[in-house]
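Text of protein37.cif, listed as mmCIF, C-alpha atoms:
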data_model
loop_
_atom_site.label_atom_id
_atom_site.label_comp_id
_atom_site.auth_asym_id
_atom_site.auth_seq_id
_atom_site.Cartn_x
_atom_site.Cartn_y
_atom_site.Cartn_z
CA MET A 986 34.73 17.40 0.73
CA ASP A 987 33.18 16.76 -2.70
CA ARG A 988 30.58 14.08 -3.34
CA THR A 989 32.97 11.63 -5.03
CA ASP A 990 35.37 11.66 -2.08
CA ARG A 991 32.52 11.40 0.41
CA GLU A 992 31.06 8.39 -1.38
CA ARG A 993 34.48 6.76 -1.60
CA ARG A 994 34.94 7.13 2.14
CA GLY A 995 31.38 6.02 2.86
CA ARG A 996 30.52 9.14 4.87
CA ASP A 997 27.10 9.69 3.32
CA ILE A 998 24.68 9.72 6.27
CA ARG A 999 23.30 13.10 7.24
CA THR A 1000 19.48 12.95 7.10
CA VAL A 1001 16.70 10.55 8.08
CA ASP A 1002 16.26 9.74 4.38
CA ASP A 1003 19.94 8.79 4.21
CA VAL A 1004 19.43 6.39 7.12
CA LEU A 1005 16.34 4.87 5.49
CA ARG A 1006 18.22 4.29 2.24
CA LEU A 1007 21.07 2.70 4.16
CA LEU A 1008 18.63 0.31 5.84
CA ASP A 1009 17.03 -0.47 2.47
CA GLY A 1010 20.45 -1.60 1.31
CA LEU A 1011 20.81 -4.12 4.13
CA PHE A 1012 18.31 -6.31 2.34
CA ALA A 1013 19.35 -8.43 -0.62
CA PRO A 1014 18.17 -6.89 -3.92
CA GLU A 1015 16.01 -9.93 -4.68
CA ALA A 1016 14.20 -9.44 -1.35
CA ASP A 1017 13.12 -5.88 -2.20
CA ARG A 1018 9.39 -5.58 -2.86
CA TRP A 1019 8.96 -1.94 -1.81
CA SER A 1020 11.33 0.29 -3.80
CA SER A 1021 11.91 0.87 -7.52
CA ARG A 1022 14.42 -1.98 -7.65
CA GLY A 1023 11.57 -4.37 -6.80
CA ALA A 1024 9.57 -3.45 -9.91
CA SER A 1025 11.00 -6.27 -12.03
CA TRP A 1026 9.98 -8.88 -9.42
CA TRP A 1027 6.40 -7.61 -9.46
CA ASP A 1028 6.43 -7.50 -13.27
CA GLY A 1029 7.24 -11.20 -13.28
CA PHE A 1030 4.52 -11.81 -10.71
CA TYR A 1031 1.83 -10.10 -12.80
CA ALA A 1032 3.04 -11.31 -16.21
CA ASP A 1033 0.81 -14.41 -16.34
CA ARG A 1034 -2.75 -13.20 -15.84
CA ASP A 1035 -4.08 -16.77 -15.75
CA ARG A 1036 -2.15 -17.72 -12.61
CA PRO A 1037 -4.46 -18.86 -9.79
CA VAL A 1038 -3.72 -15.81 -7.62
CA PRO A 1039 -6.81 -14.88 -5.54
CA PHE A 1040 -6.44 -11.12 -5.94
CA PHE A 1041 -6.06 -11.26 -9.73
CA VAL A 1042 -9.84 -11.41 -9.92
CA ALA A 1043 -11.63 -8.20 -10.87
CA LYS A 1044 -13.48 -7.97 -7.55
CA PRO A 1045 -13.27 -5.32 -4.80
CA ASP A 1046 -12.41 -6.23 -1.22
CA GLU A 1047 -15.44 -7.26 0.85
CA ASN A 1048 -14.54 -4.83 3.61
CA LEU A 1049 -14.33 -1.91 1.19
CA VAL A 1050 -17.80 -2.70 -0.13
CA GLY A 1051 -19.02 -2.94 3.46
CA TYR A 1052 -17.59 0.47 4.37
CA VAL A 1053 -19.55 2.10 1.56
CA ASP A 1054 -22.74 0.11 2.19
CA ARG A 1055 -22.70 1.18 5.84
CA GLY A 1056 -21.83 4.79 5.08
CA LEU A 1057 -18.46 4.63 6.84
CA ILE A 1058 -16.80 6.14 3.78
CA GLY A 1059 -18.49 8.29 1.16
CA GLY A 1060 -19.61 6.68 -2.06
CA GLY A 1061 -21.84 9.33 -3.54
CA GLY A 1062 -19.21 11.12 -5.56
CA GLY A 1063 -16.98 14.10 -4.99
CA GLY A 1064 -14.37 12.37 -2.86
CA ARG A 1065 -10.75 11.71 -3.73
CA ALA A 1066 -9.05 8.38 -3.10
CA LEU A 1067 -5.49 7.06 -3.24
CA ASP A 1068 -5.00 3.30 -3.79
CA LEU A 1069 -1.54 2.21 -2.61
CA GLY A 1070 -0.08 -0.84 -4.36
CA CYS A 1071 -3.11 -0.96 -6.64
CA GLY A 1072 -1.95 -3.92 -8.75
CA PRO A 1073 -4.38 -4.54 -11.65
CA GLY A 1074 -6.73 -1.95 -10.20
CA ARG A 1075 -9.66 -3.97 -8.84
CA ASN A 1076 -10.30 -1.69 -5.84
CA ALA A 1077 -9.40 1.52 -7.66
CA LEU A 1078 -11.92 0.73 -10.40
CA GLN A 1079 -14.68 0.06 -7.87
CA LEU A 1080 -13.95 3.33 -6.11
CA ALA A 1081 -14.13 5.15 -9.44
CA ALA A 1082 -17.44 3.44 -10.23
CA TRP A 1083 -18.77 4.77 -6.91
CA GLY A 1084 -17.82 8.30 -7.96
CA PHE A 1085 -14.42 8.80 -6.35
CA ALA A 1086 -11.64 10.53 -8.26
CA VAL A 1087 -8.91 7.91 -7.83
CA ASP A 1088 -5.15 7.80 -8.07
CA GLY A 1089 -3.75 4.26 -8.12
CA VAL A 1090 -0.03 3.64 -7.60
CA ASP A 1091 2.05 0.53 -8.19
CA LEU A 1092 5.72 -0.27 -8.73
CA SER A 1093 5.01 -2.65 -11.61
CA PRO A 1094 4.56 -1.33 -15.18
CA THR A 1095 2.92 -4.67 -16.02
CA ALA A 1096 0.33 -4.26 -13.26
CA VAL A 1097 -0.35 -0.64 -14.20
CA ALA A 1098 -0.84 -1.56 -17.87
CA TRP A 1099 -3.35 -4.24 -16.84
CA ALA A 1100 -5.17 -1.75 -14.59
CA GLU A 1101 -5.37 0.82 -17.38
CA GLU A 1102 -6.76 -1.83 -19.71
CA ARG A 1103 -9.44 -2.72 -17.16
CA ALA A 1104 -10.26 0.97 -16.69
CA ARG A 1105 -10.86 1.43 -20.41
CA GLU A 1106 -13.07 -1.66 -20.50
CA ALA A 1107 -15.03 -0.40 -17.47
CA GLY A 1108 -15.43 3.08 -18.92
CA VAL A 1109 -13.85 4.88 -15.98
CA GLY A 1110 -10.59 5.82 -17.66
CA GLY A 1111 -11.97 9.01 -19.13
CA GLY A 1112 -13.37 9.68 -22.57
CA GLU A 1113 -13.32 12.43 -25.14
CA GLY A 1114 -13.91 15.77 -23.50
CA GLU A 1115 -13.74 14.48 -19.95
CA GLY A 1116 -11.05 13.69 -17.45
CA PRO A 1117 -10.48 10.18 -16.13
CA ARG A 1118 -12.11 9.16 -12.88
CA VAL A 1119 -9.10 6.94 -12.19
CA ARG A 1120 -5.46 7.59 -13.01
CA PHE A 1121 -2.73 5.04 -12.59
CA HIS A 1122 0.86 5.93 -11.76
CA CYS A 1123 3.87 3.66 -12.00
CA GLY A 1124 6.59 4.16 -9.41
CA ASP A 1125 7.59 4.36 -5.77
CA VAL A 1126 4.75 6.04 -3.89
CA PHE A 1127 7.17 7.62 -1.43
CA ALA A 1128 8.84 9.43 -4.34
CA LEU A 1129 5.65 10.20 -6.28
CA ALA A 1130 4.04 11.82 -3.25
CA GLY A 1131 6.74 14.49 -3.36
CA SER A 1132 5.39 15.75 -6.68
CA GLU A 1133 2.24 17.82 -6.46
CA LEU A 1134 1.61 17.16 -10.17
CA GLN A 1135 1.35 13.43 -9.60
CA LEU A 1136 -0.10 12.80 -6.14
CA PRO A 1137 -1.28 16.20 -4.99
CA GLY A 1138 -3.56 15.21 -2.15
CA PRO A 1139 -5.28 15.71 0.12
CA TYR A 1140 -7.26 12.49 -0.17
CA ASP A 1141 -10.53 11.70 1.57
CA LEU A 1142 -9.60 8.02 1.48
CA VAL A 1143 -6.24 6.26 1.41
CA TYR A 1144 -6.72 2.56 0.68
CA ASP A 1145 -4.06 -0.13 0.97
CA SER A 1146 -4.85 -3.73 0.10
CA GLY A 1147 -1.62 -5.68 0.48
CA CYS A 1148 1.08 -3.00 0.23
CA PHE A 1149 1.94 -2.26 3.87
CA HIS A 1150 2.90 -5.83 4.80
CA HIS A 1151 5.64 -5.80 2.12
CA LEU A 1152 7.45 -2.89 3.79
CA PRO A 1153 10.50 -3.47 6.01
CA PRO A 1154 10.22 -2.13 9.56
CA HIS A 1155 12.10 1.12 8.96
CA ARG A 1156 9.76 2.06 6.12
CA ARG A 1157 6.86 2.30 8.54
CA ILE A 1158 8.36 5.73 9.24
CA SER A 1159 8.01 6.65 5.56
CA TYR A 1160 4.50 5.21 5.46
CA LEU A 1161 3.26 7.28 8.41
CA ALA A 1162 4.89 10.37 6.91
CA LEU A 1163 3.09 9.65 3.63
CA LEU A 1164 -0.27 9.39 5.40
CA ASP A 1165 0.45 12.63 7.24
CA GLN A 1166 1.19 14.31 3.91
CA VAL A 1167 -1.72 13.08 1.79
CA LEU A 1168 -4.63 12.15 4.11
CA ALA A 1169 -7.12 14.99 4.55
CA PRO A 1170 -8.37 16.02 8.01
CA GLY A 1171 -11.41 13.86 8.68
CA GLY A 1172 -10.31 11.46 5.94
CA CYS A 1173 -10.22 7.67 6.22
CA PHE A 1174 -7.33 5.25 5.99
CA ALA A 1175 -8.24 1.63 5.24
CA LEU A 1176 -5.88 -1.32 5.25
CA THR A 1177 -5.77 -5.03 4.56
CA CYS A 1178 -2.61 -6.88 5.59
CA PHE A 1179 -1.30 -10.27 6.67
CA ALA A 1180 -2.65 -11.43 10.03
CA ALA A 1181 -0.41 -13.18 12.54
CA GLY A 1182 -1.37 -16.83 12.65
CA GLY A 1183 -2.80 -16.60 9.14
CA MET A 1184 -0.03 -15.70 6.71
CA GLY A 1185 3.30 -13.90 6.74
CA SER A 1186 6.48 -13.77 8.78
CA GLU A 1187 6.24 -13.33 12.55
CA LEU A 1188 9.97 -12.82 13.09
CA PRO A 1189 10.89 -9.84 15.32
CA ASP A 1190 11.91 -6.72 13.44
CA ALA A 1191 15.62 -7.03 14.31
CA GLU A 1192 15.78 -10.59 13.00
CA LEU A 1193 14.63 -9.45 9.57
CA TYR A 1194 17.77 -7.35 9.14
CA ARG A 1195 20.02 -10.19 10.21
CA GLY A 1196 18.44 -12.39 7.55
CA SER A 1197 18.24 -9.66 4.85
CA GLY A 1198 14.74 -10.70 3.76
CA LEU A 1199 11.06 -10.22 4.61
CA GLN A 1200 10.02 -13.86 4.26
CA GLY A 1201 7.34 -12.93 1.71
CA GLY A 1202 5.69 -10.26 3.88
CA LEU A 1203 5.17 -9.37 7.53
CA ALA A 1204 2.31 -10.59 9.71
CA TYR A 1205 0.79 -8.27 12.30
CA THR A 1206 -1.42 -8.67 15.35
CA ALA A 1207 -4.38 -6.39 15.95
CA ASP A 1208 -2.57 -4.71 18.84
CA GLU A 1209 0.46 -4.02 16.66
CA LEU A 1210 -1.71 -2.32 14.05
CA ARG A 1211 -3.39 -0.25 16.76
CA TRP A 1212 0.01 0.77 18.12
CA ILE A 1213 1.45 1.67 14.70
CA PHE A 1214 -1.53 3.65 13.44
CA GLY A 1215 -3.88 4.36 16.32
CA GLU A 1216 -1.15 5.59 18.67
CA SER A 1217 0.72 7.61 16.06
CA GLU A 1218 0.76 11.41 15.91
CA LEU A 1219 -1.75 11.36 13.04
CA GLU A 1220 -4.78 11.30 15.37
CA LEU A 1221 -6.15 8.18 13.67
CA GLU A 1222 -9.24 6.88 15.41
CA GLU A 1223 -10.05 3.21 15.00
CA VAL A 1224 -13.42 2.68 13.33
CA GLU A 1225 -13.17 -1.06 12.76
CA LEU A 1226 -10.50 -3.76 12.93
CA ARG A 1227 -11.39 -7.37 12.13
CA ARG A 1228 -10.37 -10.38 10.08
CA MET A 1229 -11.45 -10.33 6.47
CA ARG A 1230 -14.31 -12.65 5.62
CA ASP A 1231 -13.50 -15.63 3.44
CA GLU A 1232 -15.61 -15.10 0.32
CA PRO A 1233 -16.74 -18.02 -1.91
CA ASP A 1234 -15.70 -18.17 -5.56
CA ASP A 1235 -19.10 -16.99 -6.77
CA SER A 1236 -19.09 -13.92 -4.52
CA LEU A 1237 -18.98 -10.47 -6.09
CA CYS A 1238 -16.26 -9.54 -3.58
CA PHE A 1239 -12.73 -10.68 -2.76
CA GLY A 1240 -12.12 -12.04 0.72
CA GLU A 1241 -9.45 -14.19 2.40
CA ASP A 1242 -9.47 -14.82 6.16
CA PHE A 1243 -5.67 -14.73 6.52
CA LEU A 1244 -5.90 -10.92 6.27
CA TRP A 1245 -6.78 -8.14 8.69
CA THR A 1246 -9.09 -5.37 7.58
CA ALA A 1247 -8.78 -2.05 9.39
CA LEU A 1248 -10.45 1.33 9.05
CA PHE A 1249 -9.16 4.47 10.77
CA ARG A 1250 -10.43 8.03 10.58
CA ARG A 1251 -8.17 11.07 10.93
CA GLY A 1252 -9.11 13.82 13.31
CA THR A 1253 -10.42 17.07 11.84
CA GLY A 1254 -7.82 19.09 13.69
CA ALA A 1255 -4.91 17.54 11.76
#
Structure re-expressed in structure tokens:
Amino acid sequence: MDRTDRERRGRDIRTVDDVLRLLDGLFAPEADRWSSRGASWWDGFYADRDRPVPFFVAKPDENLVGYVDRGLIGGGGGGRALDLGCGPGRNALQLAAWGFAVDGVDLSPTAVAWAEERAREAGVGGGEGEGPRVRFHCGDVFALAGSELQLPGPYDLVYDSGCFHHLPPHRRISYLALLDQVLAPGGCFALTCFAAGGMGSELPDAELYRGSGLQGGLAYTADELRWIFGESELELEEVELRRMRDEPDDSLCFGEDFLWTALFRRGTGA
């Protein structure tokens, strides 16, 4: 049976990736914030830089600064970091300033252009005769990770500030597979995401498919995060899991208490 006939009959499920794409399609296109078809929504979101959006500020997350200050992740140079859903690059730029070689990924060309502009202004985008300490990539991270030329890995740190909670339930499978692919043995995975009772949808997973939307993002409990990441096959050991501190406007860090912050370390035998 050729491809045209197969597509006409709708018999196009053979692999796990086929199933994941089918589930993607159960959501209305305007609800998509995680695949390439969601790029235009994020472009609109980032288009007005003067909007009063808390994370538009050029400040790193307070938990990320704390990890480095306490020596939980390396900050002395030589490490490699991947920033998932980097937006305008506030955390990626701080990591580069600490000496990490950073790859930042976002779906939105508008966000990536803003991040690259900030990198040039900060002097971490590379100059004549030297490579950049931070590179920004526009696209679906699940697709980019398949190209060794773009996201080669392994990374000593994978950082996610606000990406994971925009994924539908079935894409947790893709997310764990991504971590397995790019996170180095002994490397750290750090996450900030919506906290149940603070912000985000608390509907059960099955209900999300019946409604074809994610209600702006999914809220998680601490136990759910421990189950998803700490009890996975990745051998991720919990280092710290707490609510983010609410930082005042004059703070040098970003912080909102409706978010979880979590730090996991991968076993060296991975």
Could you expand the PyMOL selection byres ((chain A and resi 1149-1162) around 9) into the explicit residues it covers here, written as an MDAnalysis selection string? chainID A and resid 1002 1005 1008:1009 1017:1019 1069:1070 1127 1145:1148 1163:1167 1176:1179 1185 1190:1191 1193:1194 1198:1199 1201:1205 1213:1214 1217:1219
What's the separation between atom CA of Asp1028 of chain A and atom CA of Val1090 of chain A, in Å to one decimal place?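 Distance reported for this atom pair: 14.1 Å.
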Could you check how far atom CA of Ser1093 of chain A sits from atom CA of Phe1239 of chain A, in Å to one decimal?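 So the answer is 21.4 Å.
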Closest to Leu1248 of chain A among A:Phe1085, A:Trp1026, A:Phe1041, A:Tyr1052, using all atoms listed in the file? A:Tyr1052
Determine the residue membership of the PyMOL selection byres ((chain A and resi 1142) around 7) for the file above and supply it as a list in words. Arg1065, Ala1066, Leu1067, Tyr1140, Asp1141, Val1143, Tyr1144, Leu1168, Gly1172, Cys1173 and Phe1174 of chain A
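In this structure, atom CA of Asp1046 of chain A sits 19.0 Å away from atom CA of Glu1101 of chain A.
If you apply the PyMOL selection byres ((chain A and resi 1032-1039) around 9) to this structure, you end up with A:Trp1027, A:Asp1028, A:Gly1029, A:Phe1030, A:Tyr1031, A:Phe1040, A:Phe1041, A:Val1042, A:Thr1095, A:Ala1096, A:Phe1239, A:Gly1240, A:Glu1241.
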Considering all atoms listed in the file, can you say which of A:Leu1092, A:Cys1238, A:Val1224, A:Val1004 comes closest to Ser1025 of chain A?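 Ranked by minimum distance to Ser1025 of chain A, first place goes to A:Leu1092.
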For Gly1064 of chain A, which residue out of A:Ala1013, A:Leu1226, A:Ala1169, A:Val1097 is the nearest one, using only C-alpha atoms? A:Ala1169
Shortest interatomic distance to Ala1107 of chain A - which of A:Ala1128, A:Ala1086, A:Ala1043, A:Ile998, counting all atoms listed in the file: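 Checking each candidate against Ala1107 of chain A, we get A:Ala1043 as the closest.
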Measuring atom to atom with only C-alpha atoms, identify which of A:Ala1175, A:Thr1000, A:Val1126, A:Gly1196 is nearest to Ala1016 of chain A. A:Gly1196
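Residues surrounding Asp1088 of chain A within 6 Å are Leu1067, Val1119, Arg1120 and Phe1121 of chain A [all atoms listed in the file; sequence separation below 4 positions excluded].
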Put those residues in a file: C-alpha atoms, as an mmCIF file, keeping the file's coordinate frame.
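Saved result, part.cif, follows:
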data_model
loop_
_atom_site.group_PDB
_atom_site.id
_atom_site.type_symbol
_atom_site.label_atom_id
_atom_site.label_comp_id
_atom_site.auth_asym_id
_atom_site.auth_seq_id
_atom_site.Cartn_x
_atom_site.Cartn_y
_atom_site.Cartn_z
ATOM 1 C CA LEU A 1067 -5.490 7.060 -3.240
ATOM 2 C CA VAL A 1119 -9.100 6.940 -12.190
ATOM 3 C CA ARG A 1120 -5.460 7.590 -13.010
ATOM 4 C CA PHE A 1121 -2.730 5.040 -12.590
#
Box centre and edge lengths (Å, one decimal), axis-aligned, segment 1075-1093 of chain A plus 5 Å each side, as JSON:
{"center_x": -6.5, "center_y": 3.3, "center_z": -8.7, "size_x": 34.5, "size_y": 24.5, "size_z": 15.8}
Here is a test: counting all atoms listed in the file, which residue of A:Ala1180, A:Leu1049, A:Cys1123, A:Val1001 is nearest to Gly1072 of chain A?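 The answer is A:Cys1123, which sits nearest to Gly1072 of chain A.
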